[in-house]
Amino acid sequence: MKTLDWEPKIVAFLCHWCSYAGADLAGVSRMQYPPNVRVIRVPCSGAINPLYIFKALREGADGVLVSGCHPGDCHYISGNYYARRKFMVMKNLLEWLGFEPERVQFSWVSASEGQKFSQVVEEVVESVRSLGPARKMIKEFSFDVRR
Amino acid sequence: MKHAGIVKKSDFITWLASREAVITSERLIRRHKELVSSVSAMEVRNVKETVFPGFGTLFSYRWEDRRWIIEDIPVTAKKCTVLVHPCEATALNEVLDRVFMNGEHPERDYEKLRSSLELVTIACEEPESTCFCRMVGGDPFRRVPDTLFVVPLEDRLYVECEEPNVWELWKKCVKVPSEVEKEIAEKEKKSREALPDPPLSEEVPEQLYRLFEDEEWDNIAWKCLNCGACTYLCPTCYCFDIHADGRLKGYQLRSWDACMFPRFTLHASGHNPRPGYRERVRQRVLHKFSYFPMREEGRFGCVGCGACVEVCPVNWDIREAVQRMVKKSGAGYARSS
Amino acid sequence: MYEDKIRKIAWDLLEKGNVDFIIGWEKGSLPFLTAPLICRDVAETERLVWNPFCANNLARYLKYYKGGKEKIALCVKGCDARAVSVLLREEQIERERLVLIGLPCHGLINPKKLLENFPDITPGEVEWEEGILRIRGKEENIVHLLEGSCTRCRYPDPPIHDFLVGEKLGEGYAESSEVEDMLEYYDKMSTEEREEFFAREMERCIRCYACRNACPLCYCQECFAESTRPSWVSPAPLAFDNLLFQLGRTMHMAGRCVECGACGRSCPVEIPIDILPEKVAESIRKEFGFESGLDTGETAPLLTYREDDQEDFIK
């Protein structure tokens, strides 16, 4: 049910030290990127609980972007390494269950990569847009089991 | 006034097929497949779902123009014929109805859903190893008031009801031959004999209540996992939770809740009056076998359908628990009834 | 008879006062079922049983005794012992307080499968003695009756134990060609089929939390599913929320799940929910070569990292 006025909603979890600063740089450099992302700043990509991602999807996000520092650059030394393992396990599971892989995406964006950030957002928004709104297996609420 | 008749099986099935919708329970399908196979019957795990579903909306709300807009969501109720066993019919008729429809303030949605049901009680000829309806005042051949009572015979059905005019099927019924009457009586006897647990005496609720602080509860409750399988699949458990889904726009939902969960009694202060498995299991047993009958003229809050025994992951058997406590209380059983 | 040996061990332990109680299984109130049993008294040890219907993972009960002083004897199958080992690693219980009665396990029999294959069977017609199953006097192969998770069993022998009752079996059914691996069945489905399958199953879920509560490794004081601030999933059994609850639970089990299948066996509406954590356990085994609960001293896979971990999925 793709409608013309539908715009994808993307929730972006950005690590404070790199990706958030990267997004900032994209802003101050006046780079254009789609306004579909809602940014949530987190201390580190390693601090992102898979539940955050599930909750975003539950509350109506069509896609989720998780972004952190490049490997080796983590402010907390190894947070993103842990995150990488965690997300790999999660991504494998979601794909096995039939979630479209484009719904949950990951990237490394450093504080100096404003250009990359805008590019990543563009890619994510476009891929989610082509998928259409998230189907959520939610039936219309009804009090009557005899639907 | 009791009216009895005999109807051909094919006539019964035609009558069923002519109903707007047919609902039946899982356990009934297991035993009487031939009755419902030709009608597209909806199957429920648990008969209370028809009147008190697992979740539903009460109203929708949204924040608009700086005020809350609240819209009522009334239930839509379709006329339904429900095929159930006597235990399940009793659960609706004598337990849930008392809870939701008695008194000054009947529950609106429940009332609407309930009044759209017509119950057909199919006699229970082969009680399963989990059944114990006689223990709580039921009977496998119980004629539940306001229902059509049916005993399937070879190629016809024995039908009994109080108000023949209500049932369209009655026109097809003929007089009951005496040999059939004898057959029914025999079946009744056989079925009753398959249920070894004698009825609990009237003193049980009071006596159990006195054992509130008993140490035995700990032994009874220990193996319980505190999951909600028994309560959710129990036809008489009626606890629910109300919660909002969505912040500025959403629905007020009502869903089942269970006394088995620690959160059920958790106070905002953090205090929990039922902190452990012991208290929670005690609540489940006492509510059904003590508080409810003390309040509702001796009607046990359990109908003995055995659904909880069947689904329990650790084989926690409510019969054992009650028997142990009853033995301890000295209340014992009613003399043969 | 192994049962007699277990009773003897239990009797000795209680008699000498080495432990405060024994946790084992007793005969259930329904055919082909057992129930967990706690024996505080030597007389009660007579009720202990051991057969392929001992489905409950008894390590689940250890959470009641965290921080206590009791000494506990626990009957453990291979998977139960692995769960205990994870609990030890996570400091939920002290090894000195535990006496583990290890029971090499031939696999659990699914009562439903048994009744399907042998209609109208009664408990008296099923004999079990030291790994040999006799049904109506005829020797039968257990492999067609196995519980799903047992078809994937790799470690039938308890990796940690203080007593061992019976012979070590060495290998589980995982590599056996006779048995169809439970996960294979779901792996063979196309992604669309699998998605549909889960959508359908999740609609049936009633959110009774039996899967969570039966799990030996779910011991959070407050479960994320029941937390209200923030509320991660709705308490109402909405299909999508049911799935998210299962996903959250599965992610909590990642790298910890010992593949005992207790969650799947406990489900009252028979959703084979154990396949989710088992799938994750499998992917962790393939990716990081780690198997949970083997007492090898290895760090859990999600608590460590390698610099060259796979990252082709990250932009």
# chains A, B, ... in the order shown; residues from 1 in each chain; ligands from 1

call {"tool": "residues_around", "arguments": {"residues": "stretch 54-66 of chain A", "least_positions_apart": "3", "cutoff": "9 Å", "atoms": "only C-alpha atoms", "output": "PyMOL selection string"}}
result
(chain A and resi 8-15+37+45+48+50-51+102-108+121+124-125+128-129+132-136) or (chain B and resi 246) or (chain C and resi 231-233+240-241+244+247-248)

call {"tool": "interface_residues", "arguments": {"of": "chain C", "to": "chain B", "cutoff": "9 Å", "atoms": "only C-alpha atoms", "output": "PyMOL selection string"}}
result
chain C and resi 28-31+33-38+55-56+60-61+206-214+222+226-227+234-238+265-269

call {"tool": "interface_residues", "arguments": {"of": "chain C", "to": "chain A", "cutoff": "9 Å", "atoms": "only C-alpha atoms", "output": "compact mmCIF listing (two decimals) with N, CA, C and O atoms, in the first residue's frame"}}
result
# COMPACT_ATOMS: atom_id res chain seq x y z
N ASP C 187 14.86 -24.62 8.35
CA ASP C 187 15.85 -24.06 7.43
C ASP C 187 15.47 -24.33 5.98
O ASP C 187 15.75 -23.53 5.10
N THR C 191 12.18 -18.25 2.72
CA THR C 191 12.04 -17.16 3.68
C THR C 191 10.58 -16.74 3.82
O THR C 191 10.12 -16.44 4.91
N GLU C 192 9.86 -16.74 2.70
CA GLU C 192 8.45 -16.33 2.75
C GLU C 192 7.64 -17.31 3.60
O GLU C 192 6.80 -16.91 4.39
N GLU C 193 7.91 -18.59 3.37
CA GLU C 193 7.18 -19.60 4.14
C GLU C 193 7.45 -19.44 5.63
O GLU C 193 6.55 -19.55 6.47
N ARG C 194 8.71 -19.16 5.92
CA ARG C 194 9.10 -19.04 7.32
C ARG C 194 8.43 -17.82 7.95
O ARG C 194 7.92 -17.86 9.06
N GLU C 195 8.41 -16.74 7.19
CA GLU C 195 7.77 -15.52 7.69
C GLU C 195 6.31 -15.77 7.97
O GLU C 195 5.78 -15.38 9.02
N GLU C 196 5.66 -16.48 7.04
CA GLU C 196 4.25 -16.76 7.22
C GLU C 196 4.04 -17.67 8.42
O GLU C 196 3.12 -17.48 9.22
N PHE C 198 5.88 -17.95 11.08
CA PHE C 198 6.03 -17.24 12.35
C PHE C 198 4.87 -16.27 12.59
O PHE C 198 4.42 -16.12 13.72
N ALA C 199 4.40 -15.64 11.52
CA ALA C 199 3.28 -14.72 11.69
C ALA C 199 2.09 -15.48 12.25
O ALA C 199 1.39 -15.02 13.16
N GLU C 203 0.46 -15.25 16.23
CA GLU C 203 -0.91 -14.89 16.50
C GLU C 203 -1.53 -15.82 17.54
O GLU C 203 -2.45 -15.45 18.23
N PHE C 224 12.30 -7.57 30.74
CA PHE C 224 12.03 -6.41 29.86
C PHE C 224 10.58 -6.42 29.38
O PHE C 224 10.00 -5.38 29.13
N SER C 231 8.25 0.86 28.53
CA SER C 231 7.59 -0.39 28.16
C SER C 231 8.08 -0.79 26.78
O SER C 231 7.93 -0.05 25.82
N TRP C 232 8.74 -1.92 26.71
CA TRP C 232 9.36 -2.33 25.43
C TRP C 232 8.34 -2.97 24.51
O TRP C 232 8.36 -2.75 23.31
N VAL C 233 7.51 -3.79 25.11
CA VAL C 233 6.48 -4.42 24.29
C VAL C 233 5.16 -4.30 25.05
O VAL C 233 5.15 -4.19 26.27
N LEU C 238 -0.53 -9.03 21.26
CA LEU C 238 -0.62 -8.65 19.86
C LEU C 238 0.48 -9.38 19.11
O LEU C 238 1.59 -9.51 19.62
N ALA C 239 0.18 -9.81 17.91
CA ALA C 239 1.12 -10.68 17.20
C ALA C 239 2.51 -10.07 17.10
O ALA C 239 3.51 -10.74 17.36
N PHE C 240 2.58 -8.80 16.72
CA PHE C 240 3.91 -8.20 16.54
C PHE C 240 4.65 -8.08 17.86
O PHE C 240 5.86 -8.31 17.94
N ASP C 241 3.92 -7.74 18.90
CA ASP C 241 4.54 -7.66 20.22
C ASP C 241 5.00 -9.03 20.71
O ASP C 241 6.03 -9.15 21.37
N LEU C 244 8.21 -9.56 19.02
CA LEU C 244 9.29 -8.76 19.60
C LEU C 244 9.71 -9.30 20.96
O LEU C 244 10.89 -9.30 21.31
N LEU C 247 11.88 -12.11 20.17
CA LEU C 247 13.18 -11.64 19.66
C LEU C 247 14.04 -11.13 20.80
O LEU C 247 15.23 -11.42 20.89
N GLY C 248 13.42 -10.37 21.70
CA GLY C 248 14.16 -9.84 22.84
C GLY C 248 14.70 -10.96 23.70
O GLY C 248 15.86 -10.96 24.12
N MET C 251 17.54 -12.68 21.91
CA MET C 251 18.79 -11.92 21.95
C MET C 251 19.42 -11.99 23.34
O MET C 251 20.64 -11.98 23.48
N ALA C 254 21.37 -15.14 23.42
CA ALA C 254 22.45 -15.31 22.46
C ALA C 254 23.78 -15.57 23.17
O ALA C 254 24.19 -14.79 24.03
N LEU C 276 13.97 -20.49 17.89
CA LEU C 276 14.63 -19.18 17.78
C LEU C 276 15.96 -19.16 18.52
O LEU C 276 17.00 -18.90 17.92
N LYS C 279 18.41 -21.42 16.85
CA LYS C 279 18.96 -20.90 15.60
C LYS C 279 20.13 -19.96 15.92
O LYS C 279 21.16 -20.00 15.27
N VAL C 280 19.92 -19.13 16.92
CA VAL C 280 20.98 -18.19 17.29
C VAL C 280 22.19 -18.95 17.83
O VAL C 280 23.34 -18.65 17.49
N SER C 283 24.03 -20.21 14.90
CA SER C 283 24.80 -19.22 14.14
C SER C 283 26.02 -18.78 14.94
O SER C 283 27.07 -18.49 14.37
N ILE C 284 25.92 -18.79 16.26
CA ILE C 284 27.08 -18.43 17.07
C ILE C 284 28.14 -19.54 17.02
O ILE C 284 29.34 -19.28 16.95
N PRO C 301 30.67 -15.39 23.77
CA PRO C 301 31.00 -14.74 22.49
C PRO C 301 30.58 -13.28 22.41
O PRO C 301 31.22 -12.50 21.72
N LEU C 302 29.51 -12.92 23.09
CA LEU C 302 29.09 -11.53 22.99
C LEU C 302 29.75 -10.65 24.04
O LEU C 302 29.49 -9.46 24.12
N LEU C 303 30.60 -11.23 24.85
CA LEU C 303 31.33 -10.44 25.84
C LEU C 303 32.77 -10.25 25.42
O LEU C 303 33.62 -9.85 26.20
N THR C 304 33.04 -10.61 24.20
CA THR C 304 34.40 -10.45 23.71
C THR C 304 34.32 -10.07 22.23
O THR C 304 33.24 -9.91 21.69
N TYR C 305 35.46 -9.92 21.59
CA TYR C 305 35.44 -9.58 20.16
C TYR C 305 36.77 -9.95 19.54
O TYR C 305 37.75 -10.22 20.25
N ARG C 306 36.77 -10.00 18.24
CA ARG C 306 38.04 -10.10 17.53
C ARG C 306 38.09 -8.95 16.56
O ARG C 306 37.07 -8.51 16.05
N GLU C 307 39.30 -8.44 16.30
CA GLU C 307 39.35 -7.26 15.44
C GLU C 307 38.93 -7.58 14.01
O GLU C 307 38.50 -6.71 13.28
N ASP C 309 36.45 -9.53 13.09
CA ASP C 309 35.10 -10.08 12.98
C ASP C 309 34.47 -9.63 11.67
O ASP C 309 34.78 -8.57 11.14
N GLN C 310 33.53 -10.46 11.24
CA GLN C 310 32.83 -10.17 10.00
C GLN C 310 32.12 -8.82 10.08
O GLN C 310 31.49 -8.49 11.08
N GLU C 311 32.25 -7.99 9.02
CA GLU C 311 31.51 -6.73 9.05
C GLU C 311 31.03 -6.31 7.67
O GLU C 311 30.80 -5.15 7.41
N PHE C 313 28.22 -6.54 6.54
CA PHE C 313 26.84 -6.01 6.56
C PHE C 313 26.80 -4.56 7.00
O PHE C 313 25.76 -3.93 7.02
N ILE C 314 27.97 -4.00 7.36
CA ILE C 314 28.00 -2.62 7.85
C ILE C 314 28.50 -1.71 6.74
O ILE C 314 29.48 -2.02 6.07
N LYS C 315 27.76 -0.61 6.55
CA LYS C 315 28.15 0.32 5.49
C LYS C 315 29.38 1.11 5.90
O LYS C 315 29.49 1.52 7.05

call {"tool": "select_by_dssp", "arguments": {"residues": "stretch 20-227 of chain B", "states": "strand (DSSP E)", "output": "PyMOL selection string"}}
result
chain B and resi 22-25+41-44+55-64+67-72+80-84+117-122+148-152+156-161

call {"tool": "interface_residues", "arguments": {"of": "chain B", "to": "chain A", "cutoff": "7 Å", "atoms": "only C-alpha atoms", "output": "list of chain:residue names"}}
result
B:Glu49, B:Thr50, B:Pro53, B:Phe55, B:Gly56, B:Thr57, B:Val75, B:Thr76, B:Ala77

call {"tool": "atom_distance", "arguments": {"atom1": "atom CA of C:Ile132", "atom2": "atom CA of C:Pro158"}}
result
19.6 Å

call {"tool": "closest_residue", "arguments": {"among": "B:Arg67, B:Arg156, B:Lys327, B:Lys190", "to": "B:Gln207", "atoms": "only C-alpha atoms"}}
result
B:Lys327

call {"tool": "select_by_dssp", "arguments": {"residues": "chain A", "states": "alpha helix (DSSP H)", "output": "PyMOL selection string"}}
result
chain A and resi 19-28+50-58+79-96+114-131

call {"tool": "atom_distance", "arguments": {"atom1": "atom CA of C:Glu70", "atom2": "atom CA of C:Leu164"}}
result
22.1 Å

call {"tool": "residues_around", "arguments": {"residues": "stretch 8-15 of chain B", "least_positions_apart": "2", "cutoff": "10 Å", "atoms": "only C-alpha atoms", "output": "list in words"}}
result
Ile6, Ala17, Ser18, Arg19, Glu34, Leu35, Val36, Ser37, Ser38, Val39, Pro152, Leu153, Glu154, Asp155, Arg156, Leu157, Tyr158, Val159, Glu168, Leu169, Trp170, Lys172, Cys173 and Val174 of chain B

call {"tool": "write_last_selection", "arguments": {"atoms": "N, CA and C atoms", "output": "short mmCIF file (atom, residue, chain, number, x, y, z; two decimals), in the first residue's frame"}}
result
data_model
loop_
_atom_site.label_atom_id
_atom_site.label_comp_id
_atom_site.auth_asym_id
_atom_site.auth_seq_id
_atom_site.Cartn_x
_atom_site.Cartn_y
_atom_site.Cartn_z
N ILE B 6 -35.92 -36.32 20.34
CA ILE B 6 -34.89 -37.00 19.56
C ILE B 6 -34.85 -36.34 18.19
N ALA B 17 -25.65 -25.70 10.39
CA ALA B 17 -25.16 -25.00 9.20
C ALA B 17 -25.98 -23.76 8.91
N SER B 18 -27.24 -23.75 9.36
CA SER B 18 -28.10 -22.60 9.09
C SER B 18 -27.84 -21.46 10.08
N ARG B 19 -27.09 -21.73 11.13
CA ARG B 19 -26.80 -20.68 12.11
C ARG B 19 -25.83 -19.68 11.50
N GLU B 34 -17.28 -35.28 14.02
CA GLU B 34 -18.33 -35.52 13.00
C GLU B 34 -19.47 -34.49 13.09
N LEU B 35 -19.67 -33.92 14.27
CA LEU B 35 -20.77 -32.97 14.41
C LEU B 35 -20.47 -31.64 13.74
N VAL B 36 -19.22 -31.25 13.80
CA VAL B 36 -18.89 -29.90 13.34
C VAL B 36 -18.09 -29.88 12.04
N SER B 37 -17.71 -31.07 11.55
CA SER B 37 -16.81 -31.08 10.39
C SER B 37 -17.46 -30.46 9.16
N SER B 38 -18.78 -30.59 9.02
CA SER B 38 -19.39 -30.09 7.79
C SER B 38 -19.81 -28.62 7.89
N VAL B 39 -19.78 -28.06 9.10
CA VAL B 39 -20.04 -26.62 9.22
C VAL B 39 -18.71 -25.92 9.47
N PRO B 152 -25.11 -37.07 21.84
CA PRO B 152 -25.02 -37.73 20.54
C PRO B 152 -25.21 -39.23 20.69
N LEU B 153 -26.13 -39.79 19.91
CA LEU B 153 -26.30 -41.23 19.85
C LEU B 153 -25.80 -41.69 18.49
N GLU B 154 -26.12 -42.92 18.13
CA GLU B 154 -25.56 -43.47 16.89
C GLU B 154 -25.79 -42.55 15.67
N ASP B 155 -27.04 -42.48 15.22
CA ASP B 155 -27.31 -41.63 14.06
C ASP B 155 -28.33 -40.55 14.40
N ARG B 156 -28.61 -40.39 15.67
CA ARG B 156 -29.53 -39.33 16.08
C ARG B 156 -28.99 -38.69 17.37
N LEU B 157 -29.71 -37.70 17.81
CA LEU B 157 -29.26 -37.00 19.01
C LEU B 157 -30.41 -36.89 19.99
N TYR B 158 -30.05 -37.03 21.23
CA TYR B 158 -31.03 -36.79 22.29
C TYR B 158 -30.92 -35.33 22.68
N VAL B 159 -32.05 -34.63 22.70
CA VAL B 159 -32.02 -33.19 22.94
C VAL B 159 -32.89 -32.86 24.15
N GLU B 168 -35.16 -23.39 17.29
CA GLU B 168 -35.75 -23.74 16.01
C GLU B 168 -35.68 -25.24 15.77
N LEU B 169 -34.61 -25.83 16.30
CA LEU B 169 -34.36 -27.25 16.10
C LEU B 169 -35.50 -28.10 16.66
N TRP B 170 -36.17 -27.53 17.64
CA TRP B 170 -37.19 -28.31 18.35
C TRP B 170 -38.27 -28.85 17.41
N LYS B 172 -38.03 -30.20 14.69
CA LYS B 172 -37.62 -31.47 14.07
C LYS B 172 -37.59 -32.62 15.07
N CYS B 173 -37.81 -32.29 16.33
CA CYS B 173 -37.65 -33.31 17.36
C CYS B 173 -38.90 -34.18 17.49
N VAL B 174 -38.66 -35.45 17.80
CA VAL B 174 -39.78 -36.36 18.05
C VAL B 174 -39.67 -36.89 19.47
#

call {"tool": "atom_distance", "arguments": {"atom1": "atom CA of B:Arg98", "atom2": "atom CA of B:Cys239"}}
result
13.8 Å

call {"tool": "residues_around", "arguments": {"residues": "B:Gly301", "least_positions_apart": "4", "cutoff": "8 Å", "atoms": "only C-alpha atoms", "output": "JSON, numbers by chain"}}
result
{"B": [95, 236, 287, 288, 289, 292, 293]}

call {"tool": "write_last_selection", "arguments": {"atoms": "N, CA and C atoms", "output": "compact mmCIF listing (two decimals), in the first residue's frame"}}
result
# COMPACT_ATOMS: atom_id res chain seq x y z
N VAL B 95 -20.05 -18.70 36.35
CA VAL B 95 -18.90 -18.00 36.92
C VAL B 95 -18.73 -16.63 36.26
N THR B 236 -12.57 -19.92 33.57
CA THR B 236 -13.20 -19.07 34.59
C THR B 236 -12.31 -17.94 35.09
N HIS B 287 -8.64 -18.49 45.64
CA HIS B 287 -9.65 -17.69 44.95
C HIS B 287 -10.72 -18.58 44.36
N LYS B 288 -10.27 -19.68 43.77
CA LYS B 288 -11.24 -20.57 43.14
C LYS B 288 -12.00 -21.41 44.15
N PHE B 289 -11.31 -21.81 45.23
CA PHE B 289 -11.94 -22.77 46.13
C PHE B 289 -12.36 -22.18 47.47
N PHE B 292 -14.12 -17.18 46.15
CA PHE B 292 -15.24 -17.10 45.20
C PHE B 292 -16.49 -17.81 45.72
N PRO B 293 -16.37 -19.06 46.17
CA PRO B 293 -17.58 -19.71 46.71
C PRO B 293 -18.12 -19.03 47.95

call {"tool": "decode", "arguments": {"residues": "stretch 40-50 of chain A", "atoms": "all heavy atoms", "output": "PDB file, in the first residue's frame"}}
result
ATOM      1  N   ILE A  40      18.516   9.750  17.291  1.00  0.00           N
ATOM      2  CA  ILE A  40      18.586   9.539  18.736  1.00  0.00           C
ATOM      3  C   ILE A  40      20.062   9.365  19.076  1.00  0.00           C
ATOM      4  O   ILE A  40      20.727   8.475  18.532  1.00  0.00           O
ATOM      5  CB  ILE A  40      17.781   8.303  19.163  1.00  0.00           C
ATOM      6  CG1 ILE A  40      16.291   8.532  18.873  1.00  0.00           C
ATOM      7  CG2 ILE A  40      17.998   8.004  20.638  1.00  0.00           C
ATOM      8  CD1 ILE A  40      15.415   7.345  19.129  1.00  0.00           C
ATOM      9  N   ARG A  41      20.556  10.220  19.938  1.00  0.00           N
ATOM     10  CA  ARG A  41      21.969  10.148  20.278  1.00  0.00           C
ATOM     11  C   ARG A  41      22.170   9.146  21.414  1.00  0.00           C
ATOM     12  O   ARG A  41      21.471   9.191  22.421  1.00  0.00           O
ATOM     13  CB  ARG A  41      22.461  11.525  20.705  1.00  0.00           C
ATOM     14  CG  ARG A  41      23.934  11.550  20.996  1.00  0.00           C
ATOM     15  CD  ARG A  41      24.398  12.936  21.257  1.00  0.00           C
ATOM     16  NE  ARG A  41      23.736  13.516  22.429  1.00  0.00           N
ATOM     17  CZ  ARG A  41      24.183  14.588  23.075  1.00  0.00           C
ATOM     18  NH1 ARG A  41      25.274  15.194  22.659  1.00  0.00           N
ATOM     19  NH2 ARG A  41      23.534  15.072  24.118  1.00  0.00           N
ATOM     20  N   VAL A  42      23.141   8.281  21.228  1.00  0.00           N
ATOM     21  CA  VAL A  42      23.475   7.318  22.279  1.00  0.00           C
ATOM     22  C   VAL A  42      24.967   7.455  22.578  1.00  0.00           C
ATOM     23  O   VAL A  42      25.723   7.922  21.731  1.00  0.00           O
ATOM     24  CB  VAL A  42      23.153   5.872  21.849  1.00  0.00           C
ATOM     25  CG1 VAL A  42      21.671   5.637  21.770  1.00  0.00           C
ATOM     26  CG2 VAL A  42      23.817   5.522  20.524  1.00  0.00           C
ATOM     27  N   PRO A  43      25.393   7.071  23.770  1.00  0.00           N
ATOM     28  CA  PRO A  43      26.794   7.272  24.123  1.00  0.00           C
ATOM     29  C   PRO A  43      27.754   6.506  23.205  1.00  0.00           C
ATOM     30  O   PRO A  43      28.835   6.972  22.893  1.00  0.00           O
ATOM     31  CB  PRO A  43      26.897   6.736  25.547  1.00  0.00           C
ATOM     32  CG  PRO A  43      25.523   6.597  26.045  1.00  0.00           C
ATOM     33  CD  PRO A  43      24.613   6.514  24.888  1.00  0.00           C
ATOM     34  N   CYS A  44      27.335   5.329  22.800  1.00  0.00           N
ATOM     35  CA  CYS A  44      28.254   4.482  22.034  1.00  0.00           C
ATOM     36  C   CYS A  44      27.410   3.467  21.285  1.00  0.00           C
ATOM     37  O   CYS A  44      26.329   3.090  21.766  1.00  0.00           O
ATOM     38  CB  CYS A  44      29.189   3.766  23.005  1.00  0.00           C
ATOM     39  SG  CYS A  44      30.292   2.578  22.223  1.00  0.00           S
ATOM     40  N   SER A  45      27.866   3.005  20.140  1.00  0.00           N
ATOM     41  CA  SER A  45      27.072   1.987  19.437  1.00  0.00           C
ATOM     42  C   SER A  45      26.984   0.716  20.273  1.00  0.00           C
ATOM     43  O   SER A  45      26.035  -0.046  20.169  1.00  0.00           O
ATOM     44  CB  SER A  45      27.656   1.696  18.063  1.00  0.00           C
ATOM     45  OG  SER A  45      29.036   1.421  18.170  1.00  0.00           O
ATOM     46  N   GLY A  46      27.970   0.501  21.135  1.00  0.00           N
ATOM     47  CA  GLY A  46      27.934  -0.658  22.024  1.00  0.00           C
ATOM     48  C   GLY A  46      26.844  -0.570  23.069  1.00  0.00           C
ATOM     49  O   GLY A  46      26.490  -1.560  23.688  1.00  0.00           O
ATOM     50  N   ALA A  47      26.297   0.644  23.254  1.00  0.00           N
ATOM     51  CA  ALA A  47      25.251   0.823  24.268  1.00  0.00           C
ATOM     52  C   ALA A  47      23.870   0.536  23.706  1.00  0.00           C
ATOM     53  O   ALA A  47      22.887   0.615  24.422  1.00  0.00           O
ATOM     54  CB  ALA A  47      25.289   2.236  24.819  1.00  0.00           C
ATOM     55  N   ILE A  48      23.814   0.241  22.423  1.00  0.00           N
ATOM     56  CA  ILE A  48      22.499   0.032  21.825  1.00  0.00           C
ATOM     57  C   ILE A  48      22.032  -1.395  22.087  1.00  0.00           C
ATOM     58  O   ILE A  48      22.626  -2.352  21.627  1.00  0.00           O
ATOM     59  CB  ILE A  48      22.534   0.318  20.314  1.00  0.00           C
ATOM     60  CG1 ILE A  48      22.900   1.779  20.093  1.00  0.00           C
ATOM     61  CG2 ILE A  48      21.170   0.028  19.692  1.00  0.00           C
ATOM     62  CD1 ILE A  48      23.177   2.095  18.667  1.00  0.00           C
ATOM     63  N   ASN A  49      20.983  -1.467  22.845  1.00  0.00           N
ATOM     64  CA  ASN A  49      20.360  -2.734  23.136  1.00  0.00           C
ATOM     65  C   ASN A  49      19.497  -3.094  21.930  1.00  0.00           C
ATOM     66  O   ASN A  49      18.833  -2.218  21.385  1.00  0.00           O
ATOM     67  CB  ASN A  49      19.489  -2.514  24.379  1.00  0.00           C
ATOM     68  CG  ASN A  49      18.959  -3.788  24.959  1.00  0.00           C
ATOM     69  OD1 ASN A  49      18.645  -4.722  24.223  1.00  0.00           O
ATOM     70  ND2 ASN A  49      18.847  -3.834  26.260  1.00  0.00           N
ATOM     71  N   PRO A  50      19.488  -4.345  21.504  1.00  0.00           N
ATOM     72  CA  PRO A  50      18.582  -4.707  20.404  1.00  0.00           C
ATOM     73  C   PRO A  50      17.142  -4.283  20.676  1.00  0.00           C
ATOM     74  O   PRO A  50      16.391  -4.006  19.753  1.00  0.00           O
ATOM     75  CB  PRO A  50      18.694  -6.228  20.349  1.00  0.00           C
ATOM     76  CG  PRO A  50      20.042  -6.534  20.884  1.00  0.00           C
ATOM     77  CD  PRO A  50      20.351  -5.467  21.886  1.00  0.00           C
TER      78      PRO A  50
END
